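First comes the structure, then the notes that go with it.
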Amino acid sequence: MLDLAIIGGGPAGMSAGLYATRGGLKNVVMFEKSIPGGQITGSSEIENYPGVSEVMSGLDFMENWPEQAMRFGMQHRMDEVLRISKIDGIFHIALAGGEVVQAKSVVVATGATPKRAGIKGEDTFFGKGVSTCATCDGFFYKNKEVAVMGGGDTALEEALYLSHICSKVYLIHRRDTFRAAPITVDKVKKTENIELILNAKVQEVYGDVSGVNGVLIANLDGSIRDLKVPGIFVFVGMNVNNSILKQEDGKYLCELDNNGNVVCDLKMHTSTAGLFVAGDLRIDASKQVVCAAGDGATAGMQALEYVNH
Ligand code: FAD
Ligand code: NAP
């Protein structure tokens, strides 16, 4: 039986593993369905992690994390977890391959994934002109015009990134004020090849078998603008990955708030003993790498204490 199972290999999960194993916990496994690194690996740049003054891509930034996180004995299994349940005080972790692993304690650090906007044509053309990752797909639109949808930090930062690759970026937002940090809004406004289309809704993404040909935008006055772009990047927020906590009877293993975020205290304890949470999927998460790493450290230390006592 594992002492600790960590679900998710983003900044929160890797920090939890580092602290738990360096503190002396044995038999610690981090289950990550993909390559460790988390959602920041899809970001074009990170410049706000304290102590790291060099601006770099999310992929480069996370490069050294797995080696350090596993230095003290944590193991990584590339497996998707389908469900965590607790039977007679022991956690049962059901993997996509059918195996069930038992553990004394669990840190859930499954983070968040990009939301879909629900626009007509979005699903049809997803991966064929509709994208949620500028670093992954931006290069396909070198010297072409693209559309970006959203008004948060992700939309504006990725619009800036795309402005260096693409000939023009149309930033479409449903309001005329942004959620993004003022410094980023300022940079966007000063970028010549970004055109702001405000108080406007993307109504439809259209195309043919070869991919996207354009997007239809509805303005407040009811008029429609047809943007003939081959690509649109949708950045309309994130959904927390809480599905592994859902039990067969439809209830959740621990308390969630109305938005599906995991309720926890300042030490990352959930309402279920031995189950800890860290990072973007907890209540009141600041949704920053540094905060996820901090949560992970706390959760790792708390798991260590739980197992030892
Ligand atoms: P995540 O990074 O989401 O990691 C969760 C991991 O769990 C993923 O690797 C996922 O594959 C895995 N997982 C999920 N479900 C399962 C399952 N069932 N089984 C196994 N594995 C699973 N923050 C900053 O501080 N600075 C920035 O500049 C910045 N820029 C950003 C730019 C973009 C485009 C985005 C999307 C986010 C940005 N953020 C930034 C936010 C930052 O990335 C997140 O706050 C941080 O990654 C959260 O870490 P986490 O470990 O909680 O979750
Ligand atoms: P977000 O802050 O939730 O912003 C989502 C944006 O999409 C909002 O502007 C929202 O409009 C818009 N939107 C949502 N649904 C829509 C729909 N159906 N149609 C049209 N527009 C829609 O999401 P995010 O930008 O992905 O950021 C997520 C978190 O990560 C935030 O906490 C953010 O600060 C953090 N993050 C930080 C950094 C950084 O530190 N540099 C970088 C990226 C992300 P409204 O504004 O009208 O609601």
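FYI, nothing fancy with the structure tokens labels: chains A, B, ... in order, residues from 1 per chain, ligands from 1 as they appear.
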Find the spatial neighbours of range 5-15 of chain A, counting only C-alpha atoms, within a cut-off of 9 Å - ignore same-chain residues fewer than 2 positions away - and output them as a PyMOL selection string. chain A and resi 2-3+17-20+27-40+62+65-66+68-70+76+80-81+91+93+101-111+277-280+289-300
Any chance you could export the current selection's C-alpha atoms as a tab-separated table (two decimals), in the first residue's frame?
```
chain	number	residue	atom	x	y	z
A	2	LEU	CA	1.21	3.52	-0.79
A	3	ASP	CA	1.81	5.99	2.01
A	17	GLY	CA	5.83	15.02	-3.61
A	18	LEU	CA	9.05	16.94	-3.02
A	19	TYR	CA	8.06	17.98	0.51
A	20	ALA	CA	6.52	14.64	1.51
A	27	ASN	CA	6.08	4.79	-1.05
A	28	VAL	CA	4.92	8.02	-2.65
A	29	VAL	CA	3.60	7.87	-6.20
A	30	MET	CA	2.50	10.78	-8.37
A	31	PHE	CA	-0.11	9.79	-10.96
A	32	GLU	CA	0.03	12.10	-13.98
A	33	LYS	CA	-1.89	11.25	-17.11
A	34	SER	CA	0.43	13.29	-19.28
A	35	ILE	CA	3.98	14.58	-19.07
A	36	PRO	CA	4.56	16.30	-15.69
A	37	GLY	CA	4.41	20.08	-15.83
A	38	GLY	CA	0.73	21.04	-15.75
A	39	GLN	CA	-1.14	23.76	-17.59
A	40	ILE	CA	1.68	26.31	-17.44
A	62	MET	CA	8.94	23.48	-15.76
A	65	TRP	CA	10.75	20.38	-11.72
A	66	PRO	CA	10.27	16.59	-12.25
A	68	GLN	CA	13.97	17.71	-8.36
A	69	ALA	CA	10.55	16.42	-7.26
A	70	MET	CA	11.68	12.80	-7.71
A	76	HIS	CA	5.90	8.98	-11.27
A	80	GLU	CA	-4.99	8.61	-15.55
A	81	VAL	CA	-6.96	8.34	-12.32
A	91	PHE	CA	-8.10	5.21	-0.22
A	93	ILE	CA	-7.44	4.87	-6.55
A	101	VAL	CA	-4.11	1.16	-6.07
A	102	GLN	CA	-4.50	1.56	-2.31
A	103	ALA	CA	-3.05	4.44	-0.31
A	104	LYS	CA	-3.08	5.73	3.27
A	105	SER	CA	-3.32	9.36	2.16
A	106	VAL	CA	-3.99	11.32	-1.04
A	107	VAL	CA	-3.16	14.78	-2.36
A	108	VAL	CA	-5.49	15.82	-5.16
A	109	ALA	CA	-3.74	18.32	-7.46
A	110	THR	CA	-5.57	17.83	-10.73
A	111	GLY	CA	-5.75	21.55	-11.53
A	277	VAL	CA	-5.98	19.29	-1.97
A	278	ALA	CA	-3.52	21.70	-3.59
A	279	GLY	CA	-3.47	24.23	-6.41
A	280	ASP	CA	-6.04	25.52	-8.84
A	289	VAL	CA	2.21	28.73	-10.17
A	290	VAL	CA	3.80	30.09	-7.01
A	291	CYS	CA	0.56	29.60	-5.06
A	292	ALA	CA	0.02	26.08	-6.41
A	293	ALA	CA	3.59	25.21	-5.40
A	294	GLY	CA	2.98	26.66	-1.93
A	295	ASP	CA	-0.24	24.66	-1.54
A	296	GLY	CA	1.59	21.53	-2.65
A	297	ALA	CA	4.32	22.06	-0.06
A	298	THR	CA	1.69	22.45	2.69
A	299	ALA	CA	-0.31	19.43	1.52
A	300	GLY	CA	2.86	17.29	1.30
```
Would you mind listing, for every residue of chain A within 10 Å of ligand 2, the two atoms forming the shortest contact and the distance between them in Å to one decimal, using only C-alpha atoms and all ligand atoms, sorted by chain and ascending residue number, as CSV?
```
residue,atom,partner,partner_atom_place_in_ligand_line,distance
A:Gln39,CA,ligand 2,44 (C),9.8
A:Ile40,CA,ligand 2,43 (C),8.5
A:Ser43,CA,ligand 2,43 (C),7.9
A:Ser44,CA,ligand 2,42 (C),9.8
A:Glu45,CA,ligand 2,41 (N),8.3
A:Ile46,CA,ligand 2,41 (N),6.6
A:Glu47,CA,ligand 2,41 (N),7.3
A:Asn48,CA,ligand 2,40 (O),6.7
A:Tyr49,CA,ligand 2,40 (O),8.9
A:Ala112,CA,ligand 2,28 (C),9.1
A:Thr113,CA,ligand 2,26 (O),9.1
A:Pro114,CA,ligand 2,26 (O),7.0
A:Lys115,CA,ligand 2,15 (N),7.9
A:Arg116,CA,ligand 2,18 (N),7.6
A:Ala117,CA,ligand 2,18 (N),4.3
A:Gly118,CA,ligand 2,18 (N),6.4
A:Ile119,CA,ligand 2,18 (N),7.7
A:Thr132,CA,ligand 2,26 (O),9.7
A:Met149,CA,ligand 2,21 (N),6.5
A:Gly150,CA,ligand 2,7 (O),3.9
A:Gly151,CA,ligand 2,9 (O),3.2
A:Gly152,CA,ligand 2,25 (O),3.4
A:Asp153,CA,ligand 2,25 (O),4.1
A:Thr154,CA,ligand 2,25 (O),3.8
A:Ala155,CA,ligand 2,25 (O),5.6
A:Leu156,CA,ligand 2,25 (O),7.7
A:Glu157,CA,ligand 2,42 (C),6.8
A:Glu158,CA,ligand 2,43 (C),8.6
A:Ile172,CA,ligand 2,20 (C),8.3
A:His173,CA,ligand 2,21 (N),6.0
A:Arg174,CA,ligand 2,20 (C),5.5
A:Arg175,CA,ligand 2,47 (O),5.5
A:Asp176,CA,ligand 2,47 (O),8.6
A:Thr177,CA,ligand 2,46 (O),7.4
A:Phe178,CA,ligand 2,46 (O),5.8
A:Arg179,CA,ligand 2,46 (O),5.3
A:Ala180,CA,ligand 2,34 (O),6.7
A:Ala181,CA,ligand 2,34 (O),7.6
A:Thr184,CA,ligand 2,41 (N),8.4
A:Asn199,CA,ligand 2,47 (O),9.2
A:Ala200,CA,ligand 2,20 (C),8.5
A:Lys201,CA,ligand 2,20 (C),6.3
A:Val202,CA,ligand 2,20 (C),7.2
A:Gln203,CA,ligand 2,19 (N),9.3
A:Val234,CA,ligand 2,7 (O),8.3
A:Phe235,CA,ligand 2,26 (O),5.7
A:Val236,CA,ligand 2,7 (O),3.2
A:Gly237,CA,ligand 2,23 (O),3.3
A:Met238,CA,ligand 2,26 (O),5.6
A:Asn239,CA,ligand 2,28 (C),9.3
A:Asp280,CA,ligand 2,30 (O),8.5
A:Asp284,CA,ligand 2,32 (O),9.9
A:Ala285,CA,ligand 2,32 (O),8.0
A:Ser286,CA,ligand 2,32 (O),6.0
A:Lys287,CA,ligand 2,32 (O),4.8
A:Gln288,CA,ligand 2,40 (O),5.8
A:Val289,CA,ligand 2,40 (O),8.1
A:Val290,CA,ligand 2,40 (O),9.6
```
From the DSSP assignment of the backbone, select every residue of range 214-263 of chain A that is strand (DSSP E or B), and format the answer as a ChimeraX atom specification. /A:214-219,224-227,232-234,238-240,246,252,256,262
Distance criterion (only C-alpha atoms): nearest to Glu305 in chain A out of A:Thr270, A:Ile197, A:Thr21, A:Met1: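 Using only C-alpha atoms, Glu305 in chain A sits closest to A:Thr21.
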Using only C-alpha atoms and all ligand atoms, which of A:Ser131, A:Ser210, A:Asn258, A:Thr124 sits nearest ligand 1?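 Result for the nearest residue to ligand 1: A:Ser131.
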Smallest atom-to-atom distance to ligand 1: which of A:Leu4, A:Met56, A:Ala303, A:Val169, using only C-alpha atoms and all ligand atoms?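 Of the candidates, the smallest distance to ligand 1 is held by A:Met56.
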Which of these residues is nearest to Ala96 in chain A, using only C-alpha atoms: A:Ala273, A:Met268, A:Leu82, A:Ala134?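 When distances to Ala96 in chain A are compared using only C-alpha atoms, the smallest one comes from A:Leu82.
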Between A:Ala218, A:Val100, A:Leu196, A:Leu245, which residue has the minimum interatomic distance to ligand 1, considering only C-alpha atoms and all ligand atoms?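 Looking only at the distances to ligand 1, the closest residue turns out to be A:Leu245.
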Rounded to one decimal, what separation in Å do you get between CA of Leu281 in chain A and CA of Val262 in chain A?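 Distance between the two atoms: 6.1 Å.
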Top pick for closest residue to ligand 1, considering A:Val229, A:Ile283, A:Val209, A:Ile194 and counting only C-alpha atoms and all ligand atoms: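 Among the listed residues, the smallest separation from ligand 1 belongs to A:Ile283.
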